[in-house]
$ cat final-v4.pdb   # PDB, C-alpha atoms
ATOM      1  CA  MET R 194      15.476 -18.581   6.640
ATOM      2  CA  ALA R 195      15.317 -14.807   6.408
ATOM      3  CA  THR R 196      17.220 -14.675   3.107
ATOM      4  CA  ILE R 197      14.630 -16.800   1.310
ATOM      5  CA  ASP R 198      11.851 -14.713   2.884
ATOM      6  CA  LEU R 199      13.514 -11.585   1.537
ATOM      7  CA  ILE R 200      13.922 -13.009  -1.966
ATOM      8  CA  VAL R 201      10.282 -14.105  -2.168
ATOM      9  CA  LEU R 202       8.914 -10.896  -0.636
ATOM     10  CA  GLY R 203      11.140  -8.786  -2.908
ATOM     11  CA  MET R 204       9.903 -10.514  -6.031
ATOM     12  CA  LEU R 205       6.303 -10.133  -4.934
ATOM     13  CA  LYS R 206       6.908  -6.480  -4.081
ATOM     14  CA  LYS R 207       7.687  -5.906  -7.739
ATOM     15  CA  GLU R 208       4.623  -7.815  -8.995
ATOM     16  CA  PRO R 209       2.165 -10.531  -7.927
ATOM     17  CA  MET R 210       3.058 -14.025  -9.155
ATOM     18  CA  GLY R 211       2.727 -17.712  -8.419
ATOM     19  CA  ALA R 212       5.296 -19.873  -6.632
ATOM     20  CA  TYR R 213       6.189 -21.496  -9.962
ATOM     21  CA  ASP R 214       6.894 -18.054 -11.467
ATOM     22  CA  ILE R 215       9.041 -17.130  -8.452
ATOM     23  CA  GLN R 216      10.978 -20.374  -8.873
ATOM     24  CA  LYS R 217      11.486 -19.709 -12.607
ATOM     25  CA  LEU R 218      12.724 -16.179 -11.848
ATOM     26  CA  VAL R 219      15.158 -17.570  -9.249
ATOM     27  CA  GLU R 220      16.446 -19.968 -11.921
ATOM     28  CA  TYR R 221      16.588 -17.286 -14.629
ATOM     29  CA  ARG R 222      18.475 -14.886 -12.391
ATOM     30  CA  ASN R 223      20.666 -17.736 -11.114
ATOM     31  CA  ILE R 224      19.979 -16.623  -7.568
ATOM     32  CA  SER R 225      20.685 -20.120  -6.251
ATOM     33  CA  LYS R 226      24.330 -19.620  -7.279
ATOM     34  CA  TRP R 227      24.657 -16.742  -4.794
ATOM     35  CA  VAL R 228      22.154 -17.624  -2.057
ATOM     36  CA  LYS R 229      21.252 -21.045  -0.655
ATOM     37  CA  ILE R 230      17.748 -21.472  -2.028
ATOM     38  CA  SER R 231      16.077 -24.500  -3.568
ATOM     39  CA  THR R 232      12.919 -25.033  -5.605
ATOM     40  CA  PRO R 233      11.061 -26.878  -2.804
ATOM     41  CA  SER R 234      12.021 -24.134  -0.350
ATOM     42  CA  ILE R 235      10.274 -21.528  -2.520
ATOM     43  CA  TYR R 236       6.976 -23.410  -2.468
ATOM     44  CA  LYS R 237       7.235 -24.046   1.294
ATOM     45  CA  LYS R 238       8.182 -20.431   1.887
ATOM     46  CA  ALA R 239       5.152 -19.144  -0.028
ATOM     47  CA  ILE R 240       2.864 -21.218   2.210
ATOM     48  CA  GLN R 241       4.669 -20.078   5.374
ATOM     49  CA  LEU R 242       4.574 -16.414   4.369
ATOM     50  CA  GLU R 243       0.864 -16.714   3.632
ATOM     51  CA  GLU R 244       0.249 -18.345   7.038
ATOM     52  CA  LYS R 245       2.112 -15.452   8.684
ATOM     53  CA  GLY R 246      -0.046 -12.936   6.810
ATOM     54  CA  PHE R 247       2.818 -11.441   4.783
ATOM     55  CA  ILE R 248       1.374 -12.514   1.434
ATOM     56  CA  LYS R 249      -2.089 -13.441   0.224
ATOM     57  CA  ALA R 250      -3.101 -15.815  -2.516
ATOM     58  CA  ALA R 251      -5.727 -15.262  -5.163
ATOM     59  CA  ILE R 252      -6.777 -18.422  -6.983
ATOM     60  CA  VAL R 253      -6.722 -17.864 -10.743
ATOM     61  CA  LYS R 254      -7.818 -20.123 -13.594
ATOM     62  CA  GLU R 255      -6.747 -19.403 -17.156
ATOM     63  CA  GLY R 256      -8.470 -21.361 -19.912
ATOM     64  CA  LYS R 257      -7.965 -25.095 -19.562
ATOM     65  CA  MET R 258      -4.983 -24.669 -17.263
ATOM     66  CA  PRO R 259      -5.368 -25.849 -13.660
ATOM     67  CA  GLU R 260      -6.074 -23.292 -10.959
ATOM     68  CA  LYS R 261      -3.036 -21.641  -9.440
ATOM     69  CA  ALA R 262      -2.365 -19.326  -6.547
ATOM     70  CA  ILE R 263      -1.073 -15.866  -7.436
ATOM     71  CA  TYR R 264       0.591 -14.277  -4.425
ATOM     72  CA  SER R 265       0.819 -10.607  -3.588
ATOM     73  CA  LEU R 266       2.206  -8.693  -0.626
ATOM     74  CA  THR R 267      -0.030  -7.599   2.212
ATOM     75  CA  ASP R 268       0.634  -4.426   4.233
ATOM     76  CA  ALA R 269       2.308  -6.645   6.846
ATOM     77  CA  GLY R 270       4.410  -8.159   4.046
ATOM     78  CA  GLU R 271       5.529  -4.696   2.925
ATOM     79  CA  LYS R 272       6.658  -3.966   6.503
ATOM     80  CA  GLU R 273       8.377  -7.374   6.789
ATOM     81  CA  PHE R 274      10.202  -6.784   3.495
ATOM     82  CA  GLU R 275      11.558  -3.469   4.744
ATOM     83  CA  ARG R 276      12.441  -4.942   8.158
ATOM     84  CA  LEU R 277      14.360  -7.812   6.557
ATOM     85  CA  MET R 278      16.190  -5.467   4.176
ATOM     86  CA  LEU R 279      17.425  -3.370   7.099
ATOM     87  CA  GLU R 280      18.173  -6.384   9.328
ATOM     88  CA  ILE R 281      20.134  -8.380   6.762
ATOM     89  CA  ALA R 282      22.039  -5.319   5.509
ATOM     90  CA  ALA R 283      23.142  -4.594   9.105
ATOM     91  CA  LYS R 284      24.462  -8.123   9.786
ATOM     92  CA  PRO R 285      28.166  -8.934   9.645
ATOM     93  CA  ILE R 286      29.137 -10.352   6.277
ATOM     94  CA  HIS R 287      30.209 -13.995   6.131
ATOM     95  CA  ILE R 288      31.539 -15.522   2.972
ATOM     96  CA  PHE R 289      31.105 -19.275   3.058
ATOM     97  CA  LEU R 290      33.081 -21.182   0.474
ATOM     98  CA  ASP R 291      32.468 -24.898   0.866
ATOM     99  CA  PHE R 292      35.825 -25.784  -0.628
ATOM    100  CA  ASN R 293      37.579 -24.182   2.364
ATOM    101  CA  ALA R 294      36.720 -27.359   4.294
ATOM    102  CA  VAL R 295      39.004 -29.150   1.816
ATOM    103  CA  ILE R 296      41.728 -26.505   2.071
ATOM    104  CA  VAL R 297      41.995 -26.652   5.879
ATOM    105  CA  ASN R 298      42.437 -30.431   5.638
ATOM    106  CA  LEU R 299      44.833 -30.574   2.688
ATOM    107  CA  ASP R 300      47.877 -31.366   4.813
ATOM    108  CA  ARG R 301      46.163 -34.551   5.979
ATOM    109  CA  LEU R 302      46.417 -36.035   2.482
ATOM    110  CA  PRO R 303      49.372 -37.382   0.522
ATOM    111  CA  LEU R 304      50.936 -34.784  -1.769
ATOM    112  CA  GLU R 305      49.414 -36.209  -4.981
ATOM    113  CA  ALA R 306      45.925 -36.186  -3.446
ATOM    114  CA  GLN R 307      46.492 -32.589  -2.253
ATOM    115  CA  LYS R 308      47.409 -31.562  -5.786
ATOM    116  CA  SER R 309      44.327 -33.349  -7.130
ATOM    117  CA  CYS R 310      42.043 -31.500  -4.701
ATOM    118  CA  VAL R 311      43.542 -28.099  -5.519
ATOM    119  CA  SER R 312      43.346 -28.912  -9.223
ATOM    120  CA  SER R 313      39.635 -29.807  -8.908
ATOM    121  CA  ILE R 314      38.902 -26.562  -7.060
ATOM    122  CA  GLU R 315      40.873 -24.609  -9.670
ATOM    123  CA  LYS R 316      38.926 -26.285 -12.497
ATOM    124  CA  ASN R 317      35.598 -25.488 -10.820
ATOM    125  CA  VAL R 318      36.628 -21.863 -10.272
ATOM    126  CA  LYS R 319      37.536 -21.584 -13.983
ATOM    127  CA  THR R 320      34.154 -23.065 -14.919
ATOM    128  CA  LEU R 321      32.390 -20.542 -12.682
ATOM    129  CA  LYS R 322      34.462 -17.693 -14.119
ATOM    130  CA  ALA R 323      33.565 -18.688 -17.689
ATOM    131  CA  TYR R 324      29.891 -18.894 -16.710
ATOM    132  CA  LEU R 325      30.040 -15.427 -15.108
ATOM    133  CA  GLU R 326      31.860 -13.914 -18.100
ATOM    134  CA  GLU R 327      29.237 -15.325 -20.454
ATOM    135  CA  ASN R 328      26.357 -14.223 -18.222
ATOM    136  CA  ILE R 329      27.734 -10.691 -17.823
ATOM    137  CA  HIS R 330      28.358 -10.414 -21.572
ATOM    138  CA  GLU R 331      24.839 -11.664 -22.407
ATOM    139  CA  LYS R 332      23.052  -9.416 -19.922
ATOM    140  CA  GLU R 333      25.082  -6.202 -19.774
ATOM    141  CA  ASN R 334      23.244  -4.538 -22.666
ATOM    142  CA  ILE R 335      19.718  -5.723 -21.853
ATOM    143  CA  PRO R 336      17.798  -2.768 -20.383
ATOM    144  CA  GLU R 337      15.344  -5.045 -18.497
ATOM    145  CA  ILE R 338      18.165  -6.487 -16.372
ATOM    146  CA  PRO R 339      18.325  -4.398 -13.182
ATOM    147  CA  GLU R 340      21.661  -2.732 -12.483
ATOM    148  CA  THR R 341      21.584  -4.321  -9.019
ATOM    149  CA  GLY R 342      21.505  -7.763 -10.641
ATOM    150  CA  MET R 343      24.473  -6.857 -12.814
ATOM    151  CA  ALA R 344      26.274  -5.567  -9.709
ATOM    152  CA  VAL R 345      25.929  -9.010  -8.083
ATOM    153  CA  LEU R 346      27.288 -10.717 -11.211
ATOM    154  CA  ARG R 347      30.267  -8.328 -11.245
ATOM    155  CA  GLN R 348      30.809  -8.859  -7.507
ATOM    156  CA  GLN R 349      30.932 -12.623  -8.045
ATOM    157  CA  PHE R 350      33.354 -12.165 -10.941
ATOM    158  CA  VAL R 351      35.722 -10.098  -8.773
ATOM    159  CA  LEU R 352      35.507 -12.771  -6.061
ATOM    160  CA  VAL R 353      36.307 -15.533  -8.568
ATOM    161  CA  GLU R 354      39.324 -13.577  -9.834
ATOM    162  CA  ALA R 355      40.546 -13.178  -6.238
ATOM    163  CA  ILE R 356      40.102 -16.924  -5.629
ATOM    164  CA  GLU R 357      42.100 -17.665  -8.806
ATOM    165  CA  LYS R 358      44.980 -15.507  -7.506
ATOM    166  CA  TRP R 359      44.736 -17.176  -4.115
ATOM    167  CA  ILE R 360      44.869 -20.670  -5.689
ATOM    168  CA  ALA R 361      47.950 -19.628  -7.673
ATOM    169  CA  SER R 362      49.637 -18.484  -4.450
ATOM    170  CA  LEU R 363      48.599 -21.729  -2.724
ATOM    171  CA  LYS R 364      50.226 -23.739  -5.499
ATOM    172  CA  ILE R 365      53.437 -21.637  -5.309
ATOM    173  CA  ASN R 366      53.633 -22.016  -1.508
ATOM    174  CA  ASN R 367      53.029 -25.762  -1.606
ATOM    175  CA  GLY R 368      55.239 -26.478  -4.595
TER     176      GLY R 368
END
$ encode --input "final-v4.pdb" --output "structure tokens"
Amino acid sequence: MATIDLIVLGMLKKEPMGAYDIQKLVEYRNISKWVKISTPSIYKKAIQLEEKGFIKAAIVKEGKMPEKAIYSLTDAGEKEFERLMLEIAAKPIHIFLDFNAVIVNLDRLPLEAQKSCVSSIEKNVKTLKAYLEENIHEKENIPEIPETGMAVLRQQFVLVEAIEKWIASLKINNG
């Protein structure tokens, strides 16, 4: 998937690191909340990108630690990073919200079950909003956090607020 390629190449463009370090950075930045990416996919992607010649591995051993591969971008990887940036930025934007599969089928449930589904979605949106508020508050004054990362957090917060308003209107329209 091109998105995972771009995430891995972008991290390696900043600095060489191992797949484990990439995975930890994905977790730290909570990237998996905004992009479909999993821990196993990062390791597989590193191997695939190396096979394609976009990254190269240097085997490093530190003290008594086991050897590990530290990846860095090749010239071809630099070109692929730029190509993917331009390609993905030019694509139409699709916002996939898994809970919409529930919404389009609500009228196929009894009223109490409909209310339960909407209530569950509302609860999960509130949980996400609280998480985003906390994350924004924690990170907004840390100079090492890139402004682009903060922009994504703020974007997600605006989206969550819009979903909250939409849920309120859904509840009004359905009684």
$ closest_residue --input "final-v4.pdb" --among "R:Glu255, R:Glu280, R:Glu220, R:Asp291" --to "Leu199 of chain R" --atoms "all atoms listed in the file"
R:Glu280
$ residues_around --input "final-v4.pdb" --residues "Lys319 of chain R" --least-positions-apart "4" --cutoff "8 Å" --atoms "only C-alpha atoms" --output "list in words"
Glu315, Ala323 and Glu357 of chain R
$ residues_around --input "final-v4.pdb" --residues "segment 256-261 of chain R" --least-positions-apart "4" --cutoff "9 Å" --atoms "only C-alpha atoms" --output "list in words"
Gly211, Ala212, Ala251 and Ile252 of chain R
$ atom_distance --input "final-v4.pdb" --atom1 "atom CA of Ile329 of chain R" --atom2 "atom CA of Asp214 of chain R"
23.0 Å
$ atom_distance --input "final-v4.pdb" --atom1 "atom CA of Glu326 of chain R" --atom2 "atom CA of Val351 of chain R"
10.8 Å
$ decode --input "final-v4.pdb" --residues "segment 323-335 of chain R" --atoms "all heavy atoms" --output "PDB file, in the first residue's frame"
ATOM      1  N   ALA R 323     -11.840  13.050  23.685  1.00  0.00           N
ATOM      2  CA  ALA R 323     -11.080  13.240  24.920  1.00  0.00           C
ATOM      3  C   ALA R 323      -9.609  12.891  24.693  1.00  0.00           C
ATOM      4  O   ALA R 323      -8.715  13.611  25.161  1.00  0.00           O
ATOM      5  CB  ALA R 323     -11.662  12.371  26.036  1.00  0.00           C
ATOM      6  N   TYR R 324      -9.365  11.813  23.966  1.00  0.00           N
ATOM      7  CA  TYR R 324      -7.991  11.419  23.640  1.00  0.00           C
ATOM      8  C   TYR R 324      -7.291  12.527  22.846  1.00  0.00           C
ATOM      9  O   TYR R 324      -6.155  12.897  23.134  1.00  0.00           O
ATOM     10  CB  TYR R 324      -7.996  10.105  22.842  1.00  0.00           C
ATOM     11  CG  TYR R 324      -6.715   9.872  22.102  1.00  0.00           C
ATOM     12  CD1 TYR R 324      -5.593   9.363  22.764  1.00  0.00           C
ATOM     13  CD2 TYR R 324      -6.598  10.194  20.753  1.00  0.00           C
ATOM     14  CE1 TYR R 324      -4.401   9.183  22.098  1.00  0.00           C
ATOM     15  CE2 TYR R 324      -5.406  10.015  20.088  1.00  0.00           C
ATOM     16  CZ  TYR R 324      -4.313   9.510  20.760  1.00  0.00           C
ATOM     17  OH  TYR R 324      -3.131   9.349  20.102  1.00  0.00           O
ATOM     18  N   LEU R 325      -7.984  13.060  21.833  1.00  0.00           N
ATOM     19  CA  LEU R 325      -7.395  14.118  21.000  1.00  0.00           C
ATOM     20  C   LEU R 325      -7.130  15.375  21.817  1.00  0.00           C
ATOM     21  O   LEU R 325      -6.065  15.995  21.683  1.00  0.00           O
ATOM     22  CB  LEU R 325      -8.311  14.432  19.817  1.00  0.00           C
ATOM     23  CG  LEU R 325      -8.369  13.362  18.734  1.00  0.00           C
ATOM     24  CD1 LEU R 325      -9.535  13.631  17.789  1.00  0.00           C
ATOM     25  CD2 LEU R 325      -7.054  13.280  17.975  1.00  0.00           C
ATOM     26  N   GLU R 326      -8.090  15.764  22.659  1.00  0.00           N
ATOM     27  CA  GLU R 326      -7.900  16.949  23.507  1.00  0.00           C
ATOM     28  C   GLU R 326      -6.664  16.784  24.383  1.00  0.00           C
ATOM     29  O   GLU R 326      -5.838  17.695  24.486  1.00  0.00           O
ATOM     30  CB  GLU R 326      -9.133  17.179  24.393  1.00  0.00           C
ATOM     31  CG  GLU R 326     -10.300  17.765  23.657  1.00  0.00           C
ATOM     32  CD  GLU R 326     -11.547  17.883  24.521  1.00  0.00           C
ATOM     33  OE1 GLU R 326     -11.812  16.986  25.354  1.00  0.00           O
ATOM     34  OE2 GLU R 326     -12.267  18.880  24.344  1.00  0.00           O
ATOM     35  N   GLU R 327      -6.541  15.616  24.997  1.00  0.00           N
ATOM     36  CA  GLU R 327      -5.395  15.352  25.870  1.00  0.00           C
ATOM     37  C   GLU R 327      -4.091  15.371  25.073  1.00  0.00           C
ATOM     38  O   GLU R 327      -3.106  15.975  25.487  1.00  0.00           O
ATOM     39  CB  GLU R 327      -5.586  13.986  26.546  1.00  0.00           C
ATOM     40  CG  GLU R 327      -4.470  13.623  27.498  1.00  0.00           C
ATOM     41  CD  GLU R 327      -4.695  12.247  28.120  1.00  0.00           C
ATOM     42  OE1 GLU R 327      -5.855  11.879  28.371  1.00  0.00           O
ATOM     43  OE2 GLU R 327      -3.690  11.552  28.338  1.00  0.00           O
ATOM     44  N   ASN R 328      -4.102  14.725  23.912  1.00  0.00           N
ATOM     45  CA  ASN R 328      -2.909  14.649  23.074  1.00  0.00           C
ATOM     46  C   ASN R 328      -2.485  16.039  22.583  1.00  0.00           C
ATOM     47  O   ASN R 328      -1.301  16.381  22.604  1.00  0.00           O
ATOM     48  CB  ASN R 328      -3.192  13.724  21.881  1.00  0.00           C
ATOM     49  CG  ASN R 328      -2.005  12.919  21.465  1.00  0.00           C
ATOM     50  OD1 ASN R 328      -0.868  13.297  21.698  1.00  0.00           O
ATOM     51  ND2 ASN R 328      -2.266  11.812  20.814  1.00  0.00           N
ATOM     52  N   ILE R 329      -3.444  16.831  22.147  1.00  0.00           N
ATOM     53  CA  ILE R 329      -3.144  18.190  21.682  1.00  0.00           C
ATOM     54  C   ILE R 329      -2.572  19.010  22.840  1.00  0.00           C
ATOM     55  O   ILE R 329      -1.555  19.690  22.690  1.00  0.00           O
ATOM     56  CB  ILE R 329      -4.401  18.861  21.081  1.00  0.00           C
ATOM     57  CG1 ILE R 329      -4.752  18.210  19.742  1.00  0.00           C
ATOM     58  CG2 ILE R 329      -4.186  20.368  20.907  1.00  0.00           C
ATOM     59  CD1 ILE R 329      -6.125  18.593  19.193  1.00  0.00           C
ATOM     60  N   HIS R 330      -3.222  18.925  23.998  1.00  0.00           N
ATOM     61  CA  HIS R 330      -2.768  19.682  25.169  1.00  0.00           C
ATOM     62  C   HIS R 330      -1.343  19.273  25.576  1.00  0.00           C
ATOM     63  O   HIS R 330      -0.513  20.135  25.882  1.00  0.00           O
ATOM     64  CB  HIS R 330      -3.740  19.484  26.334  1.00  0.00           C
ATOM     65  CG  HIS R 330      -3.350  20.229  27.567  1.00  0.00           C
ATOM     66  ND1 HIS R 330      -3.450  21.602  27.659  1.00  0.00           N
ATOM     67  CD2 HIS R 330      -2.836  19.806  28.748  1.00  0.00           C
ATOM     68  CE1 HIS R 330      -3.017  21.992  28.852  1.00  0.00           C
ATOM     69  NE2 HIS R 330      -2.640  20.918  29.536  1.00  0.00           N
ATOM     70  N   GLU R 331      -1.066  17.973  25.567  1.00  0.00           N
ATOM     71  CA  GLU R 331       0.264  17.482  25.952  1.00  0.00           C
ATOM     72  C   GLU R 331       1.349  17.918  24.974  1.00  0.00           C
ATOM     73  O   GLU R 331       2.471  18.203  25.375  1.00  0.00           O
ATOM     74  CB  GLU R 331       0.282  15.945  25.993  1.00  0.00           C
ATOM     75  CG  GLU R 331      -0.350  15.338  27.203  1.00  0.00           C
ATOM     76  CD  GLU R 331      -0.363  13.814  27.142  1.00  0.00           C
ATOM     77  OE1 GLU R 331       0.286  13.223  26.264  1.00  0.00           O
ATOM     78  OE2 GLU R 331      -1.046  13.216  27.987  1.00  0.00           O
ATOM     79  N   LYS R 332       1.021  17.959  23.688  1.00  0.00           N
ATOM     80  CA  LYS R 332       2.051  18.137  22.666  1.00  0.00           C
ATOM     81  C   LYS R 332       2.161  19.544  22.101  1.00  0.00           C
ATOM     82  O   LYS R 332       3.150  19.854  21.437  1.00  0.00           O
ATOM     83  CB  LYS R 332       1.812  17.138  21.532  1.00  0.00           C
ATOM     84  CG  LYS R 332       2.001  15.707  22.008  1.00  0.00           C
ATOM     85  CD  LYS R 332       1.759  14.699  20.920  1.00  0.00           C
ATOM     86  CE  LYS R 332       2.019  13.299  21.475  1.00  0.00           C
ATOM     87  NZ  LYS R 332       1.656  12.261  20.541  1.00  0.00           N
ATOM     88  N   GLU R 333       1.177  20.415  22.363  1.00  0.00           N
ATOM     89  CA  GLU R 333       1.171  21.708  21.692  1.00  0.00           C
ATOM     90  C   GLU R 333       2.341  22.618  22.066  1.00  0.00           C
ATOM     91  O   GLU R 333       2.707  23.485  21.288  1.00  0.00           O
ATOM     92  CB  GLU R 333      -0.166  22.420  21.883  1.00  0.00           C
ATOM     93  CG  GLU R 333      -0.500  22.800  23.303  1.00  0.00           C
ATOM     94  CD  GLU R 333      -1.926  23.300  23.433  1.00  0.00           C
ATOM     95  OE1 GLU R 333      -2.554  23.628  22.414  1.00  0.00           O
ATOM     96  OE2 GLU R 333      -2.424  23.346  24.568  1.00  0.00           O
ATOM     97  N   ASN R 334       2.947  22.414  23.215  1.00  0.00           N
ATOM     98  CA  ASN R 334       4.055  23.278  23.623  1.00  0.00           C
ATOM     99  C   ASN R 334       5.407  22.566  23.610  1.00  0.00           C
ATOM    100  O   ASN R 334       6.363  23.055  24.206  1.00  0.00           O
ATOM    101  CB  ASN R 334       3.778  23.862  25.019  1.00  0.00           C
ATOM    102  CG  ASN R 334       2.565  24.765  25.005  1.00  0.00           C
ATOM    103  OD1 ASN R 334       2.401  25.571  24.096  1.00  0.00           O
ATOM    104  ND2 ASN R 334       1.699  24.622  25.989  1.00  0.00           N
ATOM    105  N   ILE R 335       5.470  21.420  22.945  1.00  0.00           N
ATOM    106  CA  ILE R 335       6.735  20.688  22.843  1.00  0.00           C
ATOM    107  C   ILE R 335       7.366  21.030  21.490  1.00  0.00           C
ATOM    108  O   ILE R 335       6.825  20.680  20.445  1.00  0.00           O
ATOM    109  CB  ILE R 335       6.517  19.159  22.974  1.00  0.00           C
ATOM    110  CG1 ILE R 335       5.869  18.842  24.334  1.00  0.00           C
ATOM    111  CG2 ILE R 335       7.835  18.412  22.809  1.00  0.00           C
ATOM    112  CD1 ILE R 335       5.490  17.380  24.510  1.00  0.00           C
TER     113      ILE R 335
END
